[in-house]
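Structure data (mmCIF, C-alpha atoms and all ligand atoms) from input.cif:
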```
data_data
loop_
_atom_site.label_atom_id
_atom_site.label_comp_id
_atom_site.auth_asym_id
_atom_site.auth_seq_id
_atom_site.Cartn_x
_atom_site.Cartn_y
_atom_site.Cartn_z
CA MET H 1 -6.64 -18.44 -10.74
CA LYS H 2 -8.89 -16.20 -12.70
CA ASN H 3 -7.32 -13.01 -13.87
CA ASN H 4 -10.15 -10.74 -14.85
CA LYS H 5 -11.95 -7.56 -13.98
CA GLU H 6 -14.27 -9.46 -11.67
CA LEU H 7 -11.55 -9.52 -9.05
CA LYS H 8 -11.14 -5.79 -8.76
CA GLY H 9 -14.90 -5.55 -8.83
CA TRP H 10 -15.54 -5.04 -5.12
CA LEU H 11 -12.99 -2.25 -5.04
CA SER H 12 -14.34 -0.43 -8.10
CA ALA H 13 -17.83 -0.77 -6.64
CA LEU H 14 -16.75 1.37 -3.68
CA ASN H 15 -16.26 4.24 -6.13
CA LEU H 16 -13.45 5.80 -4.11
CA LYS H 17 -11.73 9.01 -5.11
CA HIS H 18 -8.61 7.99 -3.19
CA PRO H 19 -6.78 4.75 -2.37
CA LEU H 20 -8.65 2.38 -0.07
CA VAL H 21 -7.78 3.02 3.59
CA ILE H 22 -8.08 0.38 6.29
CA ALA H 23 -7.17 1.74 9.73
CA GLY H 24 -7.61 0.92 13.38
CA PRO H 25 -5.64 -0.62 16.21
CA CYS H 26 -3.38 -3.65 15.94
CA SER H 27 -5.54 -5.26 18.64
CA ALA H 28 -8.93 -4.63 20.10
CA GLU H 29 -8.07 -4.07 23.78
CA THR H 30 -11.20 -2.75 25.48
CA GLU H 31 -14.62 -1.62 24.30
CA GLU H 32 -13.74 1.99 25.14
CA GLN H 33 -10.47 1.82 23.19
CA VAL H 34 -12.14 0.32 20.12
CA LEU H 35 -14.94 2.87 20.09
CA LYS H 36 -12.76 5.90 20.88
CA ILE H 37 -10.42 5.22 17.96
CA ALA H 38 -13.36 4.50 15.65
CA HIS H 39 -15.03 7.79 16.50
CA GLU H 40 -11.79 9.63 15.76
CA LEU H 41 -11.64 7.95 12.34
CA LYS H 42 -15.26 8.61 11.49
CA ASP H 43 -15.83 11.13 8.66
CA THR H 44 -12.26 10.77 7.36
CA ASP H 45 -11.01 8.92 4.27
CA VAL H 46 -10.90 5.69 6.27
CA ASN H 47 -13.09 3.04 4.62
CA TYR H 48 -12.67 -0.01 6.84
CA TYR H 49 -12.01 -0.17 10.56
CA ARG H 50 -9.53 -2.87 11.47
CA ALA H 51 -8.90 -4.48 14.87
CA GLY H 52 -7.21 -7.78 15.64
CA ILE H 53 -9.42 -9.97 17.82
CA TRP H 54 -7.20 -13.06 17.82
CA LYS H 55 -3.52 -12.09 17.81
CA PRO H 56 -0.74 -14.32 16.47
CA ARG H 57 2.13 -13.53 18.85
CA THR H 58 5.66 -14.76 18.32
CA ARG H 59 5.98 -16.04 21.89
CA PRO H 60 3.34 -17.31 24.32
CA GLY H 61 2.49 -15.40 27.45
CA ASN H 62 1.80 -12.09 25.71
CA PHE H 63 -1.61 -10.56 25.07
CA GLU H 64 -3.28 -12.87 22.55
CA GLY H 65 -6.38 -10.85 21.78
CA VAL H 66 -9.71 -10.44 23.53
CA GLY H 67 -11.44 -13.12 21.44
CA ALA H 68 -15.04 -13.24 20.27
CA LEU H 69 -16.10 -10.56 22.75
CA GLY H 70 -14.28 -7.99 20.59
CA LEU H 71 -16.52 -8.81 17.62
CA LYS H 72 -19.41 -7.24 19.52
CA TRP H 73 -17.37 -4.06 19.88
CA LEU H 74 -16.77 -4.02 16.13
CA GLN H 75 -20.52 -4.36 15.56
CA LYS H 76 -20.96 -1.33 17.80
CA VAL H 77 -18.35 0.54 15.75
CA LYS H 78 -20.39 -0.09 12.61
CA ALA H 79 -23.65 0.96 14.28
CA GLU H 80 -22.22 4.12 15.82
CA THR H 81 -19.85 5.36 13.11
CA GLY H 82 -20.96 3.72 9.88
CA LEU H 83 -17.41 2.44 9.33
CA LYS H 84 -17.22 -1.01 7.81
CA THR H 85 -15.26 -3.53 9.88
CA ALA H 86 -12.29 -5.83 9.30
CA THR H 87 -10.46 -8.48 11.30
CA GLU H 88 -7.98 -11.32 10.93
CA VAL H 89 -9.20 -14.92 10.83
CA ALA H 90 -6.94 -17.91 11.27
CA ASN H 91 -9.24 -20.93 11.45
CA ARG H 92 -12.79 -22.16 10.82
CA ALA H 93 -14.07 -21.06 14.25
CA HIS H 94 -12.81 -17.52 13.66
CA VAL H 95 -14.53 -17.40 10.28
CA GLU H 96 -17.83 -18.62 11.68
CA LEU H 97 -17.76 -16.08 14.51
CA ALA H 98 -16.76 -13.25 12.17
CA LEU H 99 -19.62 -14.13 9.80
CA GLU H 100 -22.08 -14.29 12.71
CA HIS H 101 -21.02 -10.80 13.75
CA ASP H 102 -21.29 -9.42 10.25
CA ILE H 103 -17.64 -8.39 9.89
CA ASP H 104 -17.32 -6.92 6.37
CA LEU H 105 -13.76 -7.74 5.44
CA LEU H 106 -11.58 -10.60 6.63
CA TRP H 107 -7.86 -10.94 6.19
CA ILE H 108 -5.58 -13.92 6.43
CA GLY H 109 -2.43 -13.11 8.40
CA ALA H 110 1.13 -13.65 7.24
CA ARG H 111 1.64 -16.59 9.58
CA SER H 112 -1.47 -18.32 8.23
CA THR H 113 -0.74 -17.78 4.54
CA VAL H 114 2.31 -20.03 4.89
CA SER H 115 0.07 -22.99 5.76
CA PRO H 116 -1.96 -24.51 2.91
CA PHE H 117 -3.95 -26.53 5.51
CA ILE H 118 -5.06 -23.39 7.34
CA VAL H 119 -5.80 -21.48 4.14
CA GLN H 120 -7.85 -24.41 2.83
CA GLU H 121 -9.79 -24.60 6.10
CA ILE H 122 -10.56 -20.89 5.91
CA ALA H 123 -11.53 -21.15 2.24
CA ASP H 124 -13.90 -24.06 3.00
CA ALA H 125 -15.46 -22.16 5.89
CA LEU H 126 -16.03 -19.12 3.66
CA LYS H 127 -17.38 -21.01 0.65
CA GLY H 128 -20.29 -19.22 -0.94
CA THR H 129 -20.05 -15.98 1.09
CA ASP H 130 -19.55 -12.60 -0.53
CA LYS H 131 -17.13 -11.34 2.12
CA ILE H 132 -14.08 -9.43 1.00
CA VAL H 133 -11.05 -11.57 1.80
CA LEU H 134 -7.53 -10.15 1.70
CA VAL H 135 -4.52 -12.44 1.81
CA LYS H 136 -1.39 -11.10 3.48
CA ASN H 137 1.88 -12.22 1.99
CA PRO H 138 3.45 -15.23 3.74
CA VAL H 139 6.27 -14.38 6.17
CA ASN H 140 8.76 -15.86 3.71
CA PRO H 141 9.24 -14.23 0.29
CA ASP H 142 7.51 -16.91 -1.77
CA LEU H 143 5.25 -15.49 -4.47
CA ALA H 144 3.91 -18.92 -5.46
CA LEU H 145 2.80 -19.63 -1.89
CA TRP H 146 1.09 -16.24 -1.68
CA LEU H 147 -0.71 -16.79 -4.99
CA GLY H 148 -1.51 -20.37 -4.01
CA ALA H 149 -3.50 -19.06 -1.04
CA VAL H 150 -5.42 -16.67 -3.31
CA GLU H 151 -6.09 -19.57 -5.65
CA ARG H 152 -7.53 -21.73 -2.84
CA LEU H 153 -10.01 -18.95 -2.01
CA SER H 154 -10.82 -18.34 -5.64
CA THR H 155 -11.44 -22.06 -6.15
CA ALA H 156 -13.84 -22.00 -3.16
CA ASP H 157 -15.80 -19.46 -5.19
CA ILE H 158 -14.84 -16.47 -3.08
CA LYS H 159 -14.97 -13.61 -5.56
CA ASN H 160 -14.13 -10.51 -3.57
CA LEU H 161 -10.41 -11.04 -3.21
CA GLY H 162 -7.30 -8.95 -2.72
CA VAL H 163 -3.80 -9.13 -1.30
CA ILE H 164 -1.91 -7.25 1.40
CA HIS H 165 1.80 -6.68 1.10
CA ARG H 166 3.23 -6.58 4.66
CA GLY H 167 6.86 -7.41 4.00
CA PHE H 168 9.00 -10.48 4.68
CA SER H 169 11.07 -11.87 7.52
CA SER H 170 14.80 -11.85 7.01
CA TYR H 171 17.69 -13.06 9.09
CA ASP H 172 19.69 -9.95 8.20
CA LYS H 173 19.04 -6.91 10.36
CA THR H 174 17.62 -4.11 8.20
CA LYS H 175 15.90 -0.84 8.95
CA TYR H 176 12.57 -2.61 8.37
CA ARG H 177 10.72 -4.96 10.67
CA ASN H 178 9.80 -6.94 7.56
CA THR H 179 11.70 -6.12 4.38
CA PRO H 180 9.41 -4.96 1.58
CA GLU H 181 11.03 -6.80 -1.36
CA TRP H 182 9.04 -4.46 -3.58
CA GLN H 183 9.93 -6.41 -6.69
CA MET H 184 7.59 -9.20 -5.51
CA ALA H 185 4.66 -6.82 -5.30
CA ILE H 186 5.60 -5.43 -8.72
CA GLU H 187 5.70 -8.94 -10.19
CA LEU H 188 2.37 -9.80 -8.61
CA GLN H 189 0.81 -6.67 -10.12
CA THR H 190 2.23 -7.45 -13.53
CA LYS H 191 0.83 -10.98 -13.43
CA PHE H 192 -2.53 -10.06 -11.87
CA PRO H 193 -3.27 -6.42 -12.65
CA ASP H 194 -6.88 -6.82 -11.55
CA LEU H 195 -6.21 -8.18 -8.08
CA PRO H 196 -6.49 -5.32 -5.55
CA LEU H 197 -3.14 -4.78 -3.88
CA ILE H 198 -3.00 -3.13 -0.46
CA ASN H 199 0.16 -2.05 1.33
CA ASP H 200 0.66 -2.47 5.08
CA PRO H 201 3.41 0.00 5.99
CA SER H 202 2.87 -0.67 9.71
CA HIS H 203 4.15 -4.24 9.64
CA ILE H 204 6.78 -3.48 6.98
CA THR H 205 8.40 -0.70 9.01
CA GLY H 206 7.63 -1.59 12.62
CA ASN H 207 8.27 2.10 13.18
CA ARG H 208 5.77 4.92 12.95
CA ASP H 209 8.38 7.40 11.65
CA MET H 210 8.76 5.40 8.44
CA ILE H 211 5.05 4.90 7.67
CA PHE H 212 4.75 7.92 5.40
CA ASP H 213 7.70 7.07 3.14
CA VAL H 214 6.69 3.46 2.68
CA SER H 215 3.09 4.49 1.97
CA GLN H 216 4.27 6.96 -0.66
CA THR H 217 6.45 4.33 -2.35
CA ALA H 218 3.44 2.00 -2.41
CA LEU H 219 1.23 4.63 -4.04
CA ASP H 220 3.98 5.45 -6.56
CA LEU H 221 4.06 1.74 -7.39
CA ASN H 222 0.33 1.76 -8.12
CA PHE H 223 -0.96 0.05 -4.97
CA ASP H 224 -4.74 0.28 -4.51
CA GLY H 225 -4.77 1.03 -0.81
CA LEU H 226 -3.15 1.12 2.59
CA MET H 227 -3.70 -0.64 5.90
CA ILE H 228 -2.29 1.47 8.75
CA GLU H 229 -2.43 0.59 12.45
CA THR H 230 -3.92 3.45 14.43
CA HIS H 231 -4.28 3.92 18.20
CA PHE H 232 -5.06 7.00 20.30
CA ASP H 233 -2.19 6.10 22.66
CA PRO H 234 0.27 4.14 20.52
CA ASP H 235 3.03 3.91 23.13
CA ASN H 236 0.71 2.11 25.52
CA ALA H 237 -0.86 -0.21 22.95
CA TRP H 238 -1.01 -3.85 24.04
CA SER H 239 0.67 -4.98 20.82
CA ASP H 240 2.84 -3.36 18.12
CA ALA H 241 3.26 -0.13 20.11
CA ALA H 242 6.19 1.25 18.09
CA GLN H 243 4.43 1.17 14.74
CA GLN H 244 0.98 2.55 15.51
CA VAL H 245 0.10 6.17 14.70
CA THR H 246 -2.53 8.39 16.28
CA PRO H 247 -5.71 9.17 14.35
CA ALA H 248 -4.44 12.75 13.96
CA SER H 249 -1.14 11.54 12.41
CA LEU H 250 -3.03 9.19 10.14
CA ILE H 251 -5.17 12.06 8.87
CA GLN H 252 -2.01 14.13 8.29
CA ILE H 253 -0.33 11.24 6.47
CA MET H 254 -3.37 10.82 4.21
CA LYS H 255 -3.32 14.54 3.49
CA ASP H 256 0.39 14.63 2.65
CA LEU H 257 0.50 11.55 0.46
CA LYS H 258 0.70 12.31 -3.23
CA ILE H 259 -2.17 10.41 -4.70
CA ARG H 260 -2.58 9.66 -8.37
CA LYS H 261 -5.01 11.90 -10.14
CA GLU H 262 -7.82 11.16 -12.55
CA SER H 263 -6.50 9.84 -15.79
CA THR H 264 -6.06 12.24 -18.71
CA PRO H 265 -3.59 11.35 -21.44
CA GLU H 266 -0.97 13.64 -19.94
CA VAL H 267 -1.52 12.48 -16.38
CA ASP H 268 -1.34 8.97 -17.71
CA TYR H 269 2.12 9.65 -19.02
CA ASN H 270 3.20 11.17 -15.72
CA ASP H 271 1.70 8.31 -13.77
CA GLN H 272 3.54 5.77 -15.87
CA LEU H 273 6.76 7.70 -15.59
CA GLN H 274 6.39 7.98 -11.82
CA ASN H 275 5.67 4.29 -11.55
CA LEU H 276 8.70 3.34 -13.63
CA ARG H 277 10.90 5.73 -11.66
CA ALA H 278 9.71 4.23 -8.40
CA GLN H 279 10.69 0.81 -9.76
CA ILE H 280 14.13 2.15 -10.69
CA ASP H 281 14.56 3.56 -7.17
CA VAL H 282 13.74 0.19 -5.65
CA ILE H 283 16.20 -1.60 -7.93
CA ASP H 284 18.97 0.99 -7.36
CA ASN H 285 18.62 0.48 -3.63
CA GLN H 286 18.93 -3.26 -4.13
CA LEU H 287 22.08 -2.70 -6.20
CA LEU H 288 23.61 -0.66 -3.39
CA GLU H 289 22.67 -3.24 -0.81
CA THR H 290 24.15 -6.03 -2.93
CA LEU H 291 27.36 -4.09 -3.54
CA GLY H 292 27.65 -3.42 0.18
CA LYS H 293 27.27 -7.15 0.86
CA ARG H 294 29.89 -7.99 -1.76
CA MET H 295 32.40 -5.66 -0.12
CA LYS H 296 31.78 -7.30 3.26
CA VAL H 297 32.62 -10.68 1.72
CA ALA H 298 35.72 -9.16 0.11
CA GLU H 299 36.79 -7.92 3.54
CA GLY H 300 36.43 -11.48 4.84
CA ILE H 301 38.79 -12.61 2.08
CA GLY H 302 41.14 -9.78 3.03
CA LEU H 303 41.29 -11.09 6.60
CA LEU H 304 42.03 -14.62 5.41
CA LYS H 305 44.80 -13.40 3.11
CA LYS H 306 46.28 -11.37 5.92
CA GLN H 307 46.45 -14.41 8.19
CA LYS H 308 48.17 -16.44 5.47
CA ASN H 309 50.21 -13.52 4.15
CA VAL H 310 48.89 -13.88 0.60
CA ALA H 311 48.85 -11.08 -2.02
CA VAL H 312 45.59 -9.20 -2.55
CA LEU H 313 45.59 -9.35 -6.32
CA GLN H 314 45.11 -12.84 -7.76
CA SER H 315 45.10 -11.99 -11.44
CA LYS H 316 44.35 -15.49 -12.74
CA ARG H 317 41.11 -15.73 -10.75
CA TRP H 318 40.22 -12.16 -11.68
CA ASN H 319 40.55 -12.80 -15.44
CA GLU H 320 38.34 -15.86 -15.07
CA ILE H 321 35.65 -13.83 -13.29
CA LEU H 322 35.74 -11.09 -15.93
CA GLY H 323 35.39 -13.56 -18.80
CA LYS H 324 32.50 -15.30 -17.08
CA MET H 325 30.70 -12.04 -16.36
CA VAL H 326 31.02 -10.86 -19.96
CA LEU H 327 29.37 -14.09 -21.11
CA GLU H 328 26.63 -13.97 -18.48
CA GLY H 329 26.07 -10.29 -19.16
CA GLU H 330 25.15 -11.13 -22.74
CA GLN H 331 22.12 -13.03 -21.46
CA TYR H 332 20.86 -9.83 -19.86
CA ASN H 333 21.60 -7.77 -22.93
CA LEU H 334 24.53 -5.99 -21.25
CA SER H 335 27.41 -5.00 -23.50
CA GLU H 336 30.94 -6.27 -23.01
CA GLU H 337 32.16 -2.70 -22.68
CA PHE H 338 29.75 -2.00 -19.84
CA ILE H 339 30.51 -5.27 -18.01
CA LEU H 340 34.25 -4.62 -18.18
CA LYS H 341 33.88 -1.08 -16.86
CA LEU H 342 31.46 -2.10 -14.14
CA PHE H 343 33.42 -5.06 -12.83
CA LYS H 344 36.74 -3.25 -12.98
CA ALA H 345 35.24 -0.60 -10.73
CA VAL H 346 33.74 -3.22 -8.42
CA HIS H 347 37.05 -5.08 -8.33
CA GLN H 348 38.99 -1.92 -7.55
CA GLU H 349 36.66 -1.14 -4.69
CA SER H 350 37.13 -4.70 -3.36
CA ILE H 351 40.89 -4.34 -3.54
CA ASN H 352 40.68 -1.05 -1.65
CA HIS H 353 38.65 -2.73 1.09
CA GLN H 354 41.11 -5.63 1.29
CA GLU H 355 44.16 -3.33 1.30
CA LYS H 356 42.67 -1.46 4.21
CA ILE H 357 42.38 -4.70 6.16
CA LEU H 358 45.87 -5.91 5.24
CA ASN H 359 47.49 -2.69 6.26
CA LYS H 360 45.57 -2.29 9.48
C1 LIG H 401 -1.84 -7.56 12.01
O1 LIG H 401 -2.29 -7.07 10.96
O2 LIG H 401 -2.03 -7.09 13.13
C2 LIG H 401 -0.95 -8.74 11.90
C3 LIG H 401 -0.83 -9.63 12.87
O3 LIG H 401 -0.30 -8.75 10.76
P1 LIG H 401 0.69 -9.80 10.05
O4 LIG H 401 -0.12 -11.03 9.81
O5 LIG H 401 1.05 -9.05 8.82
O6 LIG H 401 1.85 -10.02 10.97
MN MN H 402 -0.03 -5.57 14.36
#
```

As structure tokens, how would this structure be written, given the file I've shared?
Ligand code: PEP
Ligand code: MN
Amino acid sequence: MKNNKELKGWLSALNLKHPLVIAGPCSAETEEQVLKIAHELKDTDVNYYRAGIWKPRTRPGNFEGVGALGLKWLQKVKAETGLKTATEVANRAHVELALEHDIDLLWIGARSTVSPFIVQEIADALKGTDKIVLVKNPVNPDLALWLGAVERLSTADIKNLGVIHRGFSSYDKTKYRNTPEWQMAIELQTKFPDLPLINDPSHITGNRDMIFDVSQTALDLNFDGLMIETHFDPDNAWSDAAQQVTPASLIQIMKDLKIRKESTPEVDYNDQLQNLRAQIDVIDNQLLETLGKRMKVAEGIGLLKKQKNVAVLQSKRWNEILGKMVLEGEQYNLSEEFILKLFKAVHQESINHQEKILNK
């Protein structure tokens, strides 16, 4: 894949003074709904109006989108409000219909990015157009698969590309609908600094109360824009009701977000510092999560030992672990002194958890 300024070209050409904003309902439901929301988003910082026309639902029997009819409503949105339009495409027929209806920006959904066949079909159908195409991350946290999809489009000579970070499925229950795994977005940015990177806090959180915080983290991590699902009556939306915000809340969110300022040397320093600190925050949270998981496993060991009436402290195994960690720590440039202190503390905490179980 090409890694050059050309890629961020379409975004720079918009000449925005703020991050790119794509907003609109999860799904187009009725003509009135589509137009009402669009009119409420007119004359705001919203740049593209989104609405899903074909909806990938986890189970059959739910609302699966209004289909091609909705594309006419999006054309009306553009004519009446001047907002540019965006929708998800998942096969060749979708692409052809979207092109016929002059949709300005197309995105490939998370469930499509996982399939090289589908992505290739979409890339072939788009060959030679100058549409903006954004690739959502695949549902599974696989950076190579995500980049592979971008590469298929790039190879089909689609120049106006970008990616949308919408989080990843996980078996573990977390506070997110799709866990952000921010480090993947950070890695992607480091490898391809010129590929526009948009955050989708709606599908990451699944919860409108968390949209602001996730959006702010994304901006602190240098994301180029946000895609936020917006509906005038979120609770009664036909899909993704819990995560949609009203146009008024969206406007408030955009007002409250701390957005990076023009670059002067001093602001540059602050921006870089803020970005690095945001990375540290993400990593610290991962450390906590990992430590929490480790203690859960230790408790499992505690239970086993209790059943078999075995002592908590197994010093032979512990000395082996410590020695191994000191050696492995060297590879990460971590001093022996630090490793010993750290793992003694971790071990002590494990013992405390196990003792609690044994003495219950
Ligand atoms: C959507 O944007 O409405 C959507 C279906 O998203 P995702 O592909 O991220 O699940
Ligand atoms: Mn949705």

Practice prompt. With a distance cut-off of 7 Å and only C-alpha atoms, select the neighbouring residues of Tyr49 (chain H), excluding the residue or stretch itself and same-chain residues fewer than 4 positions from it, and output the selection as a count of residues only.
Written response: 7

Starting from 5 Å padding per side, set up an axis-aligned box that covers all listed atoms of region 308-321 of chain H and hand over centre and edge lengths in Å, one decimal, as JSON.
```
{"center_x": 42.9, "center_y": -12.8, "center_z": -5.0, "size_x": 24.6, "size_y": 17.2, "size_z": 30.9}
```

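If you measure from each of H:Asp130, H:Glu181, H:Asp45, H:Asp200 to ligand MN 402 (chain H) using all atoms listed in the file, the closest one turns out to be H:Asp200.
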
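The space separating CA of Gly323 (chain H) from CA of Ser335 (chain H) comes to 12.6 Å.
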
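One finds CA of Ala51 (chain H) at 10.1 Å from CA of Ala38 (chain H).
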
Item to complete: Tell me, in Å to one decimal, how far CA of Ala110 (chain H) is from CA of Arg208 (chain H).
Response: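 Taking CA of Ala110 (chain H) as the start and CA of Arg208 (chain H) as the end point, the length is 20.0 Å.
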
Worksheet item: Which residues come within 9 Å of Gln33 (chain H), counting all atoms listed in the file, excluding same-chain residues fewer than 6 positions away, as a ChimeraX atom specification?
Response: /H:25,231-232

Just C-alpha atoms for this one: save the residues we selected as a CSV table (one decimal), keeping the file's coordinate frame.
```csv
chain,number,residue,atom,x,y,z
H,25,PRO,CA,-5.6,-0.6,16.2
H,231,HIS,CA,-4.3,3.9,18.2
H,232,PHE,CA,-5.1,7.0,20.3
```

Practice prompt. Tell me which of H:Ser154, H:Gln244, H:Thr87, H:Gln189 sits closest to Gly206 (chain H), counting all atoms listed in the file.
Written response: H:Gln244

Discussion item. I'd like to know which of H:Trp73, H:Trp238, H:Tyr176, H:Tyr48 is closest to ligand MN 402 (chain H), using only C-alpha atoms and all ligand atoms.
Written reply: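 The shortest atom-to-atom distance to ligand MN 402 (chain H) comes from H:Trp238.
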
Worksheet entry | Contacts to ligand MN 402 (chain H) at 10 Å cut-off (all atoms listed in the file) as a ChimeraX atom specification | /H:25-27,51-52,55-57,109,200,202-203,206,228-230,238-244

Counting all atoms listed in the file, find the residues whose atoms lie at most 12 Å from (-6.7, 10.1, 0.6) (file coordinates) and write them out as a PDB file with C-alpha atoms, in the frame of the given file.
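Dumped to result38.pdb:
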```pdb
ATOM      1  CA  LEU H  16     -13.450   5.800  -4.110  1.00  0.00           C
ATOM      2  CA  LYS H  17     -11.730   9.010  -5.110  1.00  0.00           C
ATOM      3  CA  HIS H  18      -8.610   7.990  -3.190  1.00  0.00           C
ATOM      4  CA  PRO H  19      -6.780   4.750  -2.370  1.00  0.00           C
ATOM      5  CA  LEU H  20      -8.650   2.380  -0.070  1.00  0.00           C
ATOM      6  CA  VAL H  21      -7.780   3.020   3.590  1.00  0.00           C
ATOM      7  CA  ILE H  22      -8.080   0.380   6.290  1.00  0.00           C
ATOM      8  CA  THR H  44     -12.260  10.770   7.360  1.00  0.00           C
ATOM      9  CA  ASP H  45     -11.010   8.920   4.270  1.00  0.00           C
ATOM     10  CA  VAL H  46     -10.900   5.690   6.270  1.00  0.00           C
ATOM     11  CA  ASN H  47     -13.090   3.040   4.620  1.00  0.00           C
ATOM     12  CA  SER H 215       3.090   4.490   1.970  1.00  0.00           C
ATOM     13  CA  GLN H 216       4.270   6.960  -0.660  1.00  0.00           C
ATOM     14  CA  LEU H 219       1.230   4.630  -4.040  1.00  0.00           C
ATOM     15  CA  ASP H 224      -4.740   0.280  -4.510  1.00  0.00           C
ATOM     16  CA  GLY H 225      -4.770   1.030  -0.810  1.00  0.00           C
ATOM     17  CA  LEU H 226      -3.150   1.120   2.590  1.00  0.00           C
ATOM     18  CA  LEU H 250      -3.030   9.190  10.140  1.00  0.00           C
ATOM     19  CA  ILE H 251      -5.170  12.060   8.870  1.00  0.00           C
ATOM     20  CA  GLN H 252      -2.010  14.130   8.290  1.00  0.00           C
ATOM     21  CA  ILE H 253      -0.330  11.240   6.470  1.00  0.00           C
ATOM     22  CA  MET H 254      -3.370  10.820   4.210  1.00  0.00           C
ATOM     23  CA  LYS H 255      -3.320  14.540   3.490  1.00  0.00           C
ATOM     24  CA  ASP H 256       0.390  14.630   2.650  1.00  0.00           C
ATOM     25  CA  LEU H 257       0.500  11.550   0.460  1.00  0.00           C
ATOM     26  CA  LYS H 258       0.700  12.310  -3.230  1.00  0.00           C
ATOM     27  CA  ILE H 259      -2.170  10.410  -4.700  1.00  0.00           C
ATOM     28  CA  ARG H 260      -2.580   9.660  -8.370  1.00  0.00           C
ATOM     29  CA  LYS H 261      -5.010  11.900 -10.140  1.00  0.00           C
TER      30      LYS H 261
END
```

Discussion item. I'd like to know which of H:Ile321, H:Val297, H:Leu97, H:Ile204 is closest to ligand LIG 401 (chain H), using only C-alpha atoms and all ligand atoms.
Written reply: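 Using only C-alpha atoms and all ligand atoms, the shortest distance to ligand LIG 401 (chain H) belongs to H:Ile204.
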
Discussion item. Can you tell me which residues surround Leu99 (chain H) at a distance of at most 9 Å, considering all atoms listed in the file, apart from same-chain residues fewer than 3 positions away, and format the answer as a count of residues only?
Written reply: 9

Take the point (-18.4, 7.2, 20.6) in the file's coordinates, draw a sphere of radius 7 Å around it, and report as a compact mmCIF listing (two decimals) with C-alpha atoms, in the frame of the given file every protein, DNA or RNA residue with an atom inside or on it, counting only C-alpha atoms.
```txt
# COMPACT_ATOMS: atom_id res chain seq x y z
CA LEU H 35 -14.94 2.87 20.09
CA LYS H 36 -12.76 5.90 20.88
CA HIS H 39 -15.03 7.79 16.50
CA GLU H 80 -22.22 4.12 15.82
```

Practice prompt. Would you mind telling me which residue in H:Ala68, H:Met227, H:Leu153, H:Ala123 lies nearest to ligand LIG 401 (chain H) when using all atoms listed in the file?
Written response: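 Ranked by minimum distance to ligand LIG 401 (chain H), first place goes to H:Met227.
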
Item to complete: Go through H:Thr58, H:Leu197, H:Asn140, H:Ala345 and flag the residue nearest Tyr171 (chain H), using all atoms listed in the file for the distances.
Response: H:Asn140

Could I get the residues of region 116-214 of chain H with an atom no further than 12 Å from an atom of region 284-293 of chain H, each paired with its nearest atom pair and that distance in Å to one decimal, using all atoms listed in the file, sorted by chain and residue number, as a Markdown table?
```
| residue | atom | partner | partner_atom | distance |
| --- | --- | --- | --- | --- |
| H:Asp172 | CA | H:Lys293 | CA | 10.9 |
| H:Thr174 | CA | H:Glu289 | CA | 10.4 |
| H:Thr179 | CA | H:Gln286 | CA | 11.5 |
| H:Pro180 | CA | H:Gln286 | CA | 11.2 |
| H:Glu181 | CA | H:Gln286 | CA | 9.1 |
| H:Trp182 | CA | H:Gln286 | CA | 10.0 |
| H:Gln183 | CA | H:Gln286 | CA | 9.9 |
```

Output the selection as a CSV table (one decimal), keeping the file's coordinate frame - C-alpha atoms for each residue.
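Saved result, selection_4.csv, follows:
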```csv
chain,number,residue,atom,x,y,z
H,172,ASP,CA,19.7,-10.0,8.2
H,174,THR,CA,17.6,-4.1,8.2
H,179,THR,CA,11.7,-6.1,4.4
H,180,PRO,CA,9.4,-5.0,1.6
H,181,GLU,CA,11.0,-6.8,-1.4
H,182,TRP,CA,9.0,-4.5,-3.6
H,183,GLN,CA,9.9,-6.4,-6.7
```
